[in-house]
file final29.txt (compact mmCIF, C-alpha atoms)
# COMPACT_ATOMS: atom_id res chain seq x y z
CA MET A 1 -56.66 36.93 -54.15
CA PRO A 2 -56.85 33.24 -53.48
CA GLY A 3 -53.18 32.79 -54.40
CA ASP A 4 -52.07 35.52 -51.93
CA THR A 5 -54.17 33.96 -49.19
CA THR A 6 -52.57 30.57 -49.75
CA ARG A 7 -49.07 32.06 -49.68
CA GLY A 8 -49.98 33.94 -46.46
CA ARG A 9 -51.19 30.76 -44.85
CA ARG A 10 -47.98 29.00 -45.87
CA ARG A 11 -45.87 31.82 -44.41
CA THR A 12 -47.91 31.72 -41.19
CA GLY A 13 -47.58 27.94 -40.94
CA THR A 14 -43.84 28.12 -41.57
CA TRP A 15 -43.44 30.81 -38.88
CA ILE A 16 -45.44 28.75 -36.34
CA ALA A 17 -43.39 25.64 -37.15
CA ALA A 18 -40.17 27.57 -36.65
CA VAL A 19 -41.37 28.86 -33.28
CA LEU A 20 -42.32 25.33 -32.22
CA VAL A 21 -38.88 24.04 -33.23
CA LEU A 22 -37.19 26.78 -31.18
CA VAL A 23 -39.39 26.12 -28.15
CA LEU A 24 -38.87 22.36 -28.38
CA GLY A 25 -35.13 22.89 -28.77
CA ALA A 26 -35.07 25.09 -25.67
CA VAL A 27 -36.97 22.46 -23.69
CA LEU A 28 -34.57 19.76 -24.81
CA VAL A 29 -31.52 21.85 -23.99
CA THR A 30 -32.99 22.77 -20.59
CA GLY A 31 -33.72 19.14 -19.83
CA TRP A 32 -30.18 18.21 -20.91
CA ALA A 33 -28.68 20.80 -18.56
CA GLU A 34 -30.87 19.69 -15.68
CA ASP A 35 -29.53 16.18 -16.10
CA GLY A 36 -26.05 17.57 -15.46
CA ASP A 37 -24.85 17.79 -19.08
CA ASP A 38 -23.99 21.48 -19.51
CA ASP A 39 -21.92 21.58 -22.68
CA GLU A 40 -21.60 19.65 -25.86
CA CYS A 41 -18.59 17.37 -26.06
CA PRO A 42 -17.35 14.78 -28.56
CA PRO A 43 -18.34 11.15 -27.93
CA ARG A 44 -15.37 8.99 -26.95
CA ALA A 45 -14.62 5.30 -27.21
CA VAL A 46 -11.59 3.05 -27.18
CA VAL A 47 -10.41 2.82 -30.79
CA SER A 48 -7.27 0.78 -30.08
CA TRP A 49 -5.28 -0.69 -27.24
CA ALA A 50 -1.98 -2.47 -26.66
CA PRO A 51 -0.08 -4.08 -23.77
CA GLU A 52 2.38 -1.86 -21.90
CA PRO A 53 5.16 -4.35 -21.03
CA ARG A 54 7.63 -1.76 -19.71
CA LEU A 55 5.54 -0.90 -16.62
CA THR A 56 4.37 -4.47 -16.10
CA SER A 57 7.98 -5.66 -16.13
CA ALA A 58 9.13 -2.85 -13.82
CA PHE A 59 6.85 -4.06 -11.02
CA ALA A 60 7.70 -7.70 -11.76
CA ARG A 61 11.43 -6.98 -11.35
CA TYR A 62 10.87 -4.98 -8.18
CA GLY A 63 8.66 -7.67 -6.65
CA ASP A 64 11.13 -10.44 -7.51
CA ASP A 65 14.08 -8.62 -5.93
CA ASP A 66 14.92 -10.75 -2.89
CA ALA A 67 17.29 -8.28 -1.22
CA ARG A 68 14.72 -7.26 1.41
CA THR A 69 11.97 -9.03 3.32
CA ASP A 70 9.83 -6.00 4.23
CA ASP A 71 9.03 -4.62 0.79
CA TRP A 72 6.29 -5.10 -1.79
CA THR A 73 6.18 -8.45 -3.60
CA GLY A 74 2.62 -8.21 -4.93
CA GLY A 75 -0.62 -6.36 -4.41
CA ASP A 76 -3.85 -5.01 -5.86
CA GLY A 77 -5.90 -1.80 -5.71
CA THR A 78 -3.36 0.00 -7.89
CA HIS A 79 -3.49 3.83 -7.77
CA SER A 80 -0.83 6.44 -8.49
CA VAL A 81 -0.20 10.12 -7.75
CA ARG A 82 2.59 12.50 -8.78
CA LEU A 83 4.38 14.07 -5.79
CA PRO A 84 5.63 17.68 -5.80
CA ASP A 85 9.28 16.57 -6.18
CA GLY A 86 8.48 14.54 -9.32
CA ARG A 87 8.42 11.09 -7.74
CA LEU A 88 5.43 8.86 -8.39
CA LEU A 89 3.70 7.25 -5.40
CA TRP A 90 1.88 3.98 -5.99
CA LEU A 91 -0.81 2.99 -3.49
CA PHE A 92 -1.90 -0.61 -3.07
CA SER A 93 -4.57 -2.36 -1.02
CA ASP A 94 -3.95 -5.96 0.14
CA THR A 95 -0.18 -6.45 -0.23
CA PHE A 96 2.23 -9.35 0.17
CA LEU A 97 5.58 -8.49 1.69
CA GLY A 98 8.21 -11.12 2.48
CA GLN A 99 10.89 -12.60 0.26
CA VAL A 100 10.56 -14.06 -3.22
CA HIS A 101 12.45 -17.27 -4.00
CA ARG A 102 13.75 -18.18 -7.41
CA PRO A 103 12.14 -21.04 -9.36
CA PRO A 104 11.39 -23.86 -9.24
CA ASN A 105 8.68 -23.60 -6.58
CA PRO A 106 8.08 -26.43 -4.07
CA ALA A 107 5.76 -28.10 -6.60
CA GLY A 108 8.60 -28.23 -9.12
CA GLU A 109 7.05 -25.54 -11.36
CA ALA A 110 9.12 -22.85 -13.06
CA TYR A 111 7.59 -20.00 -11.04
CA ALA A 112 9.16 -17.59 -8.59
CA TRP A 113 7.41 -18.15 -5.26
CA ARG A 114 7.04 -16.90 -1.70
CA ASP A 115 6.64 -18.81 1.52
CA GLY A 116 3.08 -19.33 2.72
CA SER A 117 3.90 -17.48 5.95
CA ALA A 118 4.83 -14.25 4.12
CA PRO A 119 3.20 -11.16 5.69
CA LEU A 120 -0.02 -9.85 4.14
CA VAL A 121 -0.85 -6.23 5.01
CA ARG A 122 -3.99 -4.27 4.12
CA ASN A 123 -2.20 -1.39 2.38
CA SER A 124 1.19 -0.30 1.15
CA ALA A 125 2.91 2.44 -0.85
CA VAL A 126 5.77 2.12 -3.34
CA VAL A 127 7.87 5.08 -4.45
CA MET A 128 8.86 5.20 -8.13
CA ARG A 129 11.59 7.39 -9.56
CA ASP A 130 12.39 7.73 -13.28
CA GLY A 131 10.06 4.89 -14.19
CA ARG A 132 11.48 2.37 -11.70
CA PRO A 133 10.03 1.36 -8.31
CA GLU A 134 12.77 2.03 -5.76
CA SER A 135 11.39 1.56 -2.23
CA THR A 136 8.39 0.53 -0.14
CA LEU A 137 7.27 2.80 2.68
CA PRO A 138 6.85 1.11 6.09
CA ALA A 139 3.73 -1.03 5.74
CA PRO A 140 0.93 -0.83 6.50
CA LEU A 141 1.02 2.89 5.81
CA PHE A 142 -2.49 3.37 7.24
CA PRO A 143 -3.11 1.44 10.48
CA ASP A 144 -6.30 -0.50 11.12
CA PRO A 145 -8.95 1.75 12.73
CA ALA A 146 -10.15 -1.04 15.04
CA PRO A 147 -9.80 -4.82 15.47
CA GLY A 148 -11.47 -6.66 12.61
CA SER A 149 -11.53 -3.62 10.31
CA TRP A 150 -9.02 -2.11 7.92
CA ARG A 151 -8.27 0.71 5.49
CA TRP A 152 -7.83 0.35 1.73
CA PRO A 153 -6.28 3.38 -0.01
CA VAL A 154 -7.85 4.45 -3.27
CA ALA A 155 -7.37 7.67 -5.23
CA ALA A 156 -5.06 10.47 -4.10
CA ARG A 157 -4.05 13.99 -5.08
CA VAL A 158 -1.70 16.76 -4.02
CA GLU A 159 -3.66 19.87 -3.07
CA PRO A 160 -3.35 23.00 -0.90
CA ARG A 161 -3.57 22.32 2.82
CA SER A 162 -6.68 24.54 2.80
CA PRO A 163 -8.39 26.52 0.03
CA GLY A 164 -5.99 29.22 -1.18
CA ALA A 165 -3.04 28.06 0.94
CA SER A 166 0.47 27.89 -0.56
CA GLU A 167 1.56 24.76 1.34
CA GLN A 168 0.78 21.50 -0.42
CA VAL A 169 -0.11 18.20 1.21
CA LEU A 170 -0.99 14.76 -0.07
CA ARG A 171 -4.58 13.63 0.43
CA VAL A 172 -5.36 9.93 0.15
CA LEU A 173 -8.94 8.62 0.07
CA LEU A 174 -9.46 5.53 2.23
CA TRP A 175 -12.17 2.89 2.29
CA VAL A 176 -12.93 1.47 5.72
CA ARG A 177 -14.22 -2.10 5.83
CA ARG A 178 -14.62 -4.84 8.41
CA HIS A 179 -14.87 -8.59 8.29
CA GLY A 180 -18.28 -9.75 7.13
CA ALA A 181 -20.20 -12.95 6.55
CA PRO A 182 -21.00 -14.12 3.00
CA PRO A 183 -21.78 -12.60 0.59
CA TRP A 184 -19.55 -9.84 2.02
CA ILE A 185 -16.39 -11.88 1.68
CA TYR A 186 -14.38 -8.74 0.84
CA GLY A 187 -15.64 -6.94 3.92
CA GLU A 188 -18.61 -4.82 4.88
CA PRO A 189 -18.33 -1.18 3.70
CA LEU A 190 -18.23 1.25 6.63
CA ALA A 191 -16.93 4.70 5.72
CA THR A 192 -14.90 6.96 3.45
CA GLU A 193 -11.93 8.69 5.06
CA VAL A 194 -9.28 11.14 3.91
CA ALA A 195 -5.70 10.87 5.12
CA THR A 196 -3.34 13.84 5.08
CA LEU A 197 0.38 13.22 4.56
CA THR A 198 3.24 15.73 4.51
CA PRO A 199 5.65 15.60 1.57
CA PRO A 200 8.44 14.89 0.93
CA ALA A 201 8.77 12.43 3.85
CA LEU A 202 5.08 11.44 3.51
CA ARG A 203 4.49 11.47 7.25
CA LEU A 204 0.90 10.55 8.12
CA GLU A 205 -0.59 13.56 9.92
CA SER A 206 -4.25 12.72 10.32
CA VAL A 207 -7.21 10.69 9.11
CA THR A 208 -10.67 12.28 8.85
CA THR A 209 -14.00 10.55 8.25
CA VAL A 210 -15.87 12.38 5.49
CA LEU A 211 -18.80 9.98 4.99
CA ASP A 212 -19.87 7.41 7.58
CA GLN A 213 -22.22 4.74 6.20
CA ARG A 214 -22.72 2.63 9.35
CA ARG A 215 -26.29 3.87 9.78
CA VAL A 216 -27.31 2.67 6.32
CA GLY A 217 -28.94 -0.62 7.20
CA ASP A 218 -28.83 -2.26 3.76
CA LEU A 219 -25.15 -3.00 3.13
CA SER A 220 -25.71 -3.05 -0.63
CA HIS A 221 -26.79 0.62 -0.48
CA ARG A 222 -23.69 1.87 1.32
CA VAL A 223 -21.58 4.09 -0.94
CA LEU A 224 -17.81 4.50 -0.63
CA PHE A 225 -16.18 7.40 -2.49
CA GLY A 226 -12.70 7.75 -3.90
CA THR A 227 -12.24 5.05 -6.52
CA THR A 228 -11.14 7.86 -8.85
CA LEU A 229 -10.69 11.67 -8.88
CA VAL A 230 -10.98 14.22 -11.68
CA GLU A 231 -9.97 17.87 -11.34
CA GLU A 232 -11.70 20.68 -13.25
CA ASP A 233 -12.21 24.42 -12.71
CA GLY A 234 -11.20 24.47 -9.05
CA TRP A 235 -13.23 21.38 -8.14
CA THR A 236 -12.18 17.84 -7.36
CA TYR A 237 -14.86 15.41 -8.54
CA VAL A 238 -14.79 12.25 -6.42
CA PHE A 239 -16.42 9.15 -7.84
CA GLY A 240 -17.60 6.16 -5.86
CA GLY A 241 -20.01 3.29 -5.89
CA ASP A 242 -21.92 0.74 -3.91
CA ASP A 243 -21.07 -2.94 -3.75
CA GLY A 244 -24.37 -4.03 -5.24
CA ARG A 245 -24.64 -7.73 -4.58
CA PRO A 246 -21.00 -8.80 -4.18
CA ALA A 247 -21.64 -12.52 -4.53
CA SER A 248 -23.21 -11.99 -7.97
CA ARG A 249 -21.86 -10.38 -11.10
CA ALA A 250 -24.54 -7.70 -11.16
CA ALA A 251 -23.28 -4.20 -11.90
CA SER A 252 -22.91 -1.65 -9.13
CA LEU A 253 -24.14 1.94 -9.27
CA ALA A 254 -21.77 4.87 -9.75
CA HIS A 255 -22.06 8.08 -7.67
CA VAL A 256 -20.18 11.38 -7.66
CA ALA A 257 -19.37 14.11 -5.17
CA ARG A 258 -17.39 17.32 -5.53
CA VAL A 259 -15.04 19.26 -3.25
CA PRO A 260 -13.41 22.67 -3.79
CA GLU A 261 -9.63 22.49 -4.21
CA GLY A 262 -8.00 22.25 -0.79
CA GLY A 263 -11.10 20.86 0.92
CA LEU A 264 -10.86 17.08 0.59
CA ALA A 265 -10.21 16.61 4.32
CA ASP A 266 -13.13 18.86 5.33
CA PRO A 267 -16.41 16.90 5.53
CA ALA A 268 -18.41 20.16 5.39
CA ALA A 269 -16.87 21.01 2.00
CA TRP A 270 -18.23 17.89 0.27
CA GLU A 271 -21.27 18.13 -2.00
CA TYR A 272 -23.06 15.11 -3.43
CA TRP A 273 -25.05 14.80 -6.66
CA ASP A 274 -28.61 13.93 -5.60
CA GLY A 275 -30.14 13.59 -9.07
CA SER A 276 -31.00 17.26 -9.61
CA GLY A 277 -28.14 19.24 -8.07
CA TRP A 278 -25.20 19.33 -5.66
CA ARG A 279 -26.19 19.08 -2.01
CA SER A 280 -24.18 19.02 1.20
CA ARG A 281 -26.50 16.39 2.63
CA ALA A 282 -25.06 12.93 2.07
CA ARG A 283 -27.93 11.47 0.04
CA PRO A 284 -26.21 10.72 -3.25
CA ALA A 285 -28.18 9.48 -6.23
CA PRO A 286 -26.57 7.20 -8.82
CA VAL A 287 -25.31 8.79 -12.01
CA LEU A 288 -24.73 5.53 -13.88
CA GLY A 289 -26.10 2.00 -13.75
CA ASP A 290 -29.30 0.01 -13.81
CA GLY A 291 -27.80 -2.86 -11.79
CA ARG A 292 -27.96 -5.25 -14.76
CA ARG A 293 -26.81 -4.31 -18.27
CA THR A 294 -25.20 -1.01 -17.36
CA GLY A 295 -23.16 -0.04 -14.35
CA VAL A 296 -19.72 -0.32 -12.83
CA GLY A 297 -17.56 -2.63 -10.81
CA SER A 298 -16.97 -1.61 -7.21
CA ALA A 299 -13.71 0.00 -8.44
CA PHE A 300 -13.53 1.97 -11.69
CA THR A 301 -11.75 4.99 -13.11
CA VAL A 302 -12.67 8.27 -14.82
CA THR A 303 -10.49 10.55 -16.92
CA ARG A 304 -11.00 13.45 -19.35
CA ASP A 305 -10.23 13.49 -23.05
CA GLU A 306 -10.82 16.62 -25.17
CA GLY A 307 -13.35 17.88 -22.62
CA THR A 308 -15.23 14.58 -22.41
CA TYR A 309 -15.39 12.46 -19.27
CA VAL A 310 -14.53 8.83 -19.97
CA LEU A 311 -15.22 6.06 -17.47
CA PHE A 312 -13.53 2.64 -17.61
CA THR A 313 -14.93 -0.33 -15.73
CA MET A 314 -15.17 -4.08 -15.98
CA ALA A 315 -18.11 -5.14 -18.12
CA ALA A 316 -21.34 -6.31 -16.55
CA GLY A 317 -22.05 -10.02 -16.26
CA ALA A 318 -19.60 -12.86 -16.85
CA GLU A 319 -17.57 -10.68 -19.26
CA GLY A 320 -16.56 -8.61 -16.25
CA LEU A 321 -14.00 -11.24 -15.28
CA ALA A 322 -11.74 -10.13 -18.13
CA THR A 323 -13.30 -7.42 -20.32
CA VAL A 324 -12.98 -3.66 -19.85
CA THR A 325 -15.66 -1.37 -21.25
CA ALA A 326 -16.15 2.41 -21.35
CA TYR A 327 -18.80 5.10 -20.95
CA TRP A 328 -18.64 8.81 -21.77
CA ALA A 329 -20.37 11.98 -20.61
CA CYS A 330 -20.08 15.76 -20.91
CA SER A 331 -20.19 16.30 -17.14
CA PRO A 332 -19.43 14.20 -14.05
CA ALA A 333 -23.14 13.84 -13.29
CA GLY A 334 -23.92 12.64 -16.80
CA PRO A 335 -25.95 11.58 -18.59
CA TRP A 336 -23.49 8.78 -19.28
CA HIS A 337 -23.55 7.03 -22.65
CA GLY A 338 -22.51 3.44 -23.32
CA PRO A 339 -21.21 0.88 -22.69
CA ALA A 340 -18.99 0.82 -25.76
CA GLY A 341 -15.44 0.18 -26.86
CA ALA A 342 -14.81 -3.01 -24.90
CA PHE A 343 -11.45 -4.76 -24.99
CA THR A 344 -10.07 -7.91 -23.35
CA PRO A 345 -6.40 -8.00 -22.39
CA ALA A 346 -4.74 -11.38 -21.98
CA LEU A 347 -4.79 -12.91 -18.50
CA PRO A 348 -1.60 -14.50 -17.12
CA ALA A 349 -3.11 -17.93 -16.45
CA ALA A 350 -6.29 -19.96 -16.51
CA GLY A 351 -8.25 -19.50 -13.30
CA THR A 352 -7.39 -15.80 -12.94
CA ALA A 353 -9.60 -12.74 -13.33
CA ALA A 354 -8.96 -9.04 -13.97
CA TYR A 355 -10.54 -6.13 -12.07
CA ASN A 356 -10.08 -2.52 -10.95
CA PRO A 357 -9.04 -0.71 -14.16
CA GLN A 358 -7.30 2.52 -13.18
CA ALA A 359 -6.04 5.41 -15.32
CA HIS A 360 -2.56 6.84 -14.76
CA PRO A 361 -2.47 10.19 -16.60
CA GLU A 362 0.93 10.98 -15.05
CA LEU A 363 2.43 8.30 -17.31
CA SER A 364 0.25 8.90 -20.37
CA ARG A 365 1.67 10.63 -23.44
CA GLY A 366 1.42 10.79 -27.19
CA GLY A 367 -2.37 10.49 -27.19
CA ARG A 368 -2.26 7.17 -25.36
CA LEU A 369 -3.72 6.67 -21.89
CA VAL A 370 -2.05 4.22 -19.50
CA LEU A 371 -4.41 1.90 -17.61
CA SER A 372 -3.59 -0.72 -15.00
CA LEU A 373 -5.56 -3.87 -14.25
CA ASP A 374 -5.32 -5.96 -11.10
CA VAL A 375 -5.20 -9.76 -11.35
CA ASN A 376 -6.24 -12.33 -8.78
CA TRP A 377 -7.05 -16.00 -8.49
CA LEU A 378 -10.72 -16.52 -9.19
CA GLU A 379 -11.46 -19.20 -6.59
CA THR A 380 -11.18 -17.33 -3.29
CA SER A 381 -10.61 -20.41 -1.11
CA ALA A 382 -7.42 -21.26 -2.99
CA ALA A 383 -6.27 -17.73 -3.77
CA ALA A 384 -3.64 -17.26 -1.06
CA ALA A 385 -1.90 -20.56 -1.86
CA MET A 386 -1.93 -20.00 -5.62
CA LEU A 387 -0.67 -16.42 -5.34
CA SER A 388 2.29 -17.58 -3.27
CA ARG A 389 2.95 -20.54 -5.53
CA ASN A 390 3.28 -18.16 -8.51
CA VAL A 391 4.08 -14.63 -7.34
CA SER A 392 3.73 -13.14 -10.84
CA LEU A 393 -0.07 -13.48 -10.72
CA TYR A 394 -0.92 -10.92 -8.03
CA ARG A 395 0.63 -7.87 -9.65
CA PRO A 396 -0.71 -5.07 -11.88
CA ARG A 397 -0.75 -5.42 -15.65
CA PHE A 398 -0.61 -2.30 -17.79
CA VAL A 399 -2.11 -1.41 -21.16
CA THR A 400 -2.30 1.75 -23.24
CA VAL A 401 -5.52 2.80 -24.95
CA ARG A 402 -6.20 5.37 -27.63
CA LEU A 403 -9.52 7.23 -27.47
CA GLY A 404 -11.44 8.65 -30.38
CA LEU A 405 -14.85 8.95 -31.98
CA PRO A 406 -16.91 5.75 -31.84
CA ARG A 407 -16.73 3.76 -35.04
call {"tool": "encode", "arguments": {"input": "final29.txt", "output": "structure tokens"}}
result
Amino acid sequence: MPGDTTRGRRRTGTWIAAVLVLVLGAVLVTGWAEDGDDDECPPRAVVSWAPEPRLTSAFARYGDDDARTDDWTGGDGTHSVRLPDGRLLWLFSDTFLGQVHRPPNPAGEAYAWRDGSAPLVRNSAVVMRDGRPESTLPAPLFPDPAPGSWRWPVAARVEPRSPGASEQVLRVLLWVRRHGAPPWIYGEPLATEVATLTPPALRLESVTTVLDQRRVGDLSHRVLFGTTLVEEDGWTYVFGGDDGRPASRAASLAHVARVPEGGLADPAAWEYWDGSGWRSRARPAPVLGDGRRTGVGSAFTVTRDEGTYVLFTMAAGAEGLATVTAYWACSPAGPWHGPAGAFTPALPAAGTAAYNPQAHPELSRGGRLVLSLDVNWLETSAAAAMLSRNVSLYRPRFVTVRLGLPR
């Protein structure tokens, strides 16, 4: 009957449509997995933030203490790691030592100050106990590899000396740079190294090069790893980036590698995301950034929240002098979504800029994540004088952020 034929055609069409939906869904899911996004996860964004004056003041008090002349009085490149005995180790890049003098400074201003001849070292480490910095390890902790070059410490973790071993050691990622001509005023990137230190005394045992970039002719394409680490399922995911065009405010590109637990100091254990999978050959492909609207600063941080990876970086363009923004993904290789959830903490003075947001999960609690921001004088030619004239400028500032679903 004509009516039965029509109903049959409708049933056939419905069945075909359902099959097409299933096939299309499978293709989409397969494509999603191939991009590195294996599981569904909730989107994340910054829903609120607030200053964290307790930590900011703790470093200000420690830096202003004039009892010693060989300890930390200011620095940047702020990273932290929890040691096996419960102490917290803070790693800094360029660091002023010396003695801080009470105000007024020589210009008659009400600022604590340091003499212009105060030592500046390329790296330092401060030990914190019970929330208070208590001592500076002999600085520099990591000696220069050669004249005209230096080591900046970045992320660190305590891990087994080798996969499956019971003894724990401290691994610190190092960036090797050397003096360069403009636009490389912060140094030409050379290599990523891993230092091994023995707790509790934190004796430096060895330094191993895991990725040498000297053969990459274009300096803007050299990638240094270690700006941040994330641990999951027996792997340490190591994020890094290129410097892009350092004289501009263009965004850099983010990259990621992975290492099995206990293998950070073994170059053969490193695998790099090449755009389609993990490969031992050091040809990493970017996981985030188009070099303009999206991307990262040369230093950024990644953490996990309810199974979602969240990346914090300074915003692209002129906003990146003060504004922090975030991206999220379901896997380290992405795809990354954003930017979203930007916020702009107050700067200590006109003429300063913020950079290098870093997460400190060891201090985070109650659903709030602790982030630090480094501060520096914006005009590089006058930076050293201004940072000594007002020692409070060149020290980390801390905020807490609460993550949630985007609004």
call {"tool": "closest_residue", "arguments": {"input": "final29.txt", "among": "A:Leu264, A:Arg215, A:Ala118, A:Asp130", "to": "Thr236 (chain A)", "atoms": "only C-alpha atoms"}}
result
A:Leu264
call {"tool": "residues_around", "arguments": {"input": "final29.txt", "residues": "Gly226 (chain A)", "least_positions_apart": "6", "cutoff": "8 Å", "atoms": "all atoms listed in the file", "output": "VMD selection string"}}
result
chain A and resid 154 to 155 173 to 175 192 238 to 240
call {"tool": "atom_distance", "arguments": {"input": "final29.txt", "atom1": "CA of Phe343 (chain A)", "atom2": "CA of Ala359 (chain A)"}}
result
15.0 Å
call {"tool": "residues_around", "arguments": {"input": "final29.txt", "residues": "Val302 (chain A)", "least_positions_apart": "6", "cutoff": "10 Å", "atoms": "all atoms listed in the file", "output": "number ranges by chain"}}
result
A: 227-230, 237-239, 309-313, 326-328, 332, 357-359
call {"tool": "closest_residue", "arguments": {"input": "final29.txt", "among": "A:Pro348, A:Pro286, A:Pro43, A:Gly366", "to": "Arg407 (chain A)", "atoms": "only C-alpha atoms"}}
result
A:Pro43
call {"tool": "closest_residue", "arguments": {"input": "final29.txt", "among": "A:Val296, A:Ala156, A:His221, A:Asp94", "to": "Asn376 (chain A)", "atoms": "all atoms listed in the file"}}
result
A:Asp94
call {"tool": "closest_residue", "arguments": {"input": "final29.txt", "among": "A:Ala285, A:Val176, A:Val46, A:Leu83", "to": "Gly148 (chain A)", "atoms": "all atoms listed in the file"}}
result
A:Val176
call {"tool": "residues_around", "arguments": {"input": "final29.txt", "residues": "region 391-404 of chain A", "least_positions_apart": "4", "cutoff": "7 Å", "atoms": "all atoms listed in the file", "output": "ChimeraX atom specification"}}
result
/A:44-53,55-56,60,74-76,78,112-114,348,367-376,387
call {"tool": "write_last_selection", "arguments": {"input": "final29.txt", "atoms": "C-alpha atoms", "output": "tab-separated table (two decimals), in the frame of the given file"}}
result
chain	number	residue	atom	x	y	z
A	44	ARG	CA	-15.37	8.99	-26.95
A	45	ALA	CA	-14.62	5.30	-27.21
A	46	VAL	CA	-11.59	3.05	-27.18
A	47	VAL	CA	-10.41	2.82	-30.79
A	48	SER	CA	-7.27	0.78	-30.08
A	49	TRP	CA	-5.28	-0.69	-27.24
A	50	ALA	CA	-1.98	-2.47	-26.66
A	51	PRO	CA	-0.08	-4.08	-23.77
A	52	GLU	CA	2.38	-1.86	-21.90
A	53	PRO	CA	5.16	-4.35	-21.03
A	55	LEU	CA	5.54	-0.90	-16.62
A	56	THR	CA	4.37	-4.47	-16.10
A	60	ALA	CA	7.70	-7.70	-11.76
A	74	GLY	CA	2.62	-8.21	-4.93
A	75	GLY	CA	-0.62	-6.36	-4.41
A	76	ASP	CA	-3.85	-5.01	-5.86
A	78	THR	CA	-3.36	0.00	-7.89
A	112	ALA	CA	9.16	-17.59	-8.59
A	113	TRP	CA	7.41	-18.15	-5.26
A	114	ARG	CA	7.04	-16.90	-1.70
A	348	PRO	CA	-1.60	-14.50	-17.12
A	367	GLY	CA	-2.37	10.49	-27.19
A	368	ARG	CA	-2.26	7.17	-25.36
A	369	LEU	CA	-3.72	6.67	-21.89
A	370	VAL	CA	-2.05	4.22	-19.50
A	371	LEU	CA	-4.41	1.90	-17.61
A	372	SER	CA	-3.59	-0.72	-15.00
A	373	LEU	CA	-5.56	-3.87	-14.25
A	374	ASP	CA	-5.32	-5.96	-11.10
A	375	VAL	CA	-5.20	-9.76	-11.35
A	376	ASN	CA	-6.24	-12.33	-8.78
A	387	LEU	CA	-0.67	-16.42	-5.34
call {"tool": "residues_around", "arguments": {"input": "final29.txt", "residues": "region 315-317 of chain A", "least_positions_apart": "3", "cutoff": "9 Å", "atoms": "only C-alpha atoms", "output": "PyMOL selection string"}}
result
chain A and resi 248-252+291-297+320-326+339+342
call {"tool": "write_last_selection", "arguments": {"input": "final29.txt", "atoms": "C-alpha atoms", "output": "PDB file, keeping the file's coordinate frame"}}
result
ATOM      1  CA  SER A 248     -23.210 -11.990  -7.970  1.00  0.00           C
ATOM      2  CA  ARG A 249     -21.860 -10.380 -11.100  1.00  0.00           C
ATOM      3  CA  ALA A 250     -24.540  -7.700 -11.160  1.00  0.00           C
ATOM      4  CA  ALA A 251     -23.280  -4.200 -11.900  1.00  0.00           C
ATOM      5  CA  SER A 252     -22.910  -1.650  -9.130  1.00  0.00           C
ATOM      6  CA  GLY A 291     -27.800  -2.860 -11.790  1.00  0.00           C
ATOM      7  CA  ARG A 292     -27.960  -5.250 -14.760  1.00  0.00           C
ATOM      8  CA  ARG A 293     -26.810  -4.310 -18.270  1.00  0.00           C
ATOM      9  CA  THR A 294     -25.200  -1.010 -17.360  1.00  0.00           C
ATOM     10  CA  GLY A 295     -23.160  -0.040 -14.350  1.00  0.00           C
ATOM     11  CA  VAL A 296     -19.720  -0.320 -12.830  1.00  0.00           C
ATOM     12  CA  GLY A 297     -17.560  -2.630 -10.810  1.00  0.00           C
ATOM     13  CA  GLY A 320     -16.560  -8.610 -16.250  1.00  0.00           C
ATOM     14  CA  LEU A 321     -14.000 -11.240 -15.280  1.00  0.00           C
ATOM     15  CA  ALA A 322     -11.740 -10.130 -18.130  1.00  0.00           C
ATOM     16  CA  THR A 323     -13.300  -7.420 -20.320  1.00  0.00           C
ATOM     17  CA  VAL A 324     -12.980  -3.660 -19.850  1.00  0.00           C
ATOM     18  CA  THR A 325     -15.660  -1.370 -21.250  1.00  0.00           C
ATOM     19  CA  ALA A 326     -16.150   2.410 -21.350  1.00  0.00           C
ATOM     20  CA  PRO A 339     -21.210   0.880 -22.690  1.00  0.00           C
ATOM     21  CA  ALA A 342     -14.810  -3.010 -24.900  1.00  0.00           C
TER      22      ALA A 342
END
call {"tool": "atom_distance", "arguments": {"input": "final29.txt", "atom1": "CA of Trp278 (chain A)", "atom2": "CA of Leu190 (chain A)"}}
result
22.9 Å
call {"tool": "atom_distance", "arguments": {"input": "final29.txt", "atom1": "CA of Ala265 (chain A)", "atom2": "CA of Gln168 (chain A)"}}
result
12.9 Å
call {"tool": "closest_residue", "arguments": {"input": "final29.txt", "among": "A:Asp66, A:Glu193, A:Asp243, A:Glu261", "to": "Pro163 (chain A)", "atoms": "all atoms listed in the file"}}
result
A:Glu261
call {"tool": "closest_residue", "arguments": {"input": "final29.txt", "among": "A:Asp144, A:Glu188, A:Asp274, A:Glu109", "to": "Val287 (chain A)", "atoms": "all atoms listed in the file"}}
result
A:Asp274
call {"tool": "residues_around", "arguments": {"input": "final29.txt", "residues": "Phe92 (chain A)", "least_positions_apart": "4", "cutoff": "9 Å", "atoms": "only C-alpha atoms", "output": "list of chain:residue names"}}
result
A:Gly75, A:Asp76, A:Gly77, A:Thr78, A:His79, A:Ser80, A:Arg122, A:Asn123, A:Ser124, A:Ala125, A:Val126, A:Trp152, A:Pro153, A:Val154
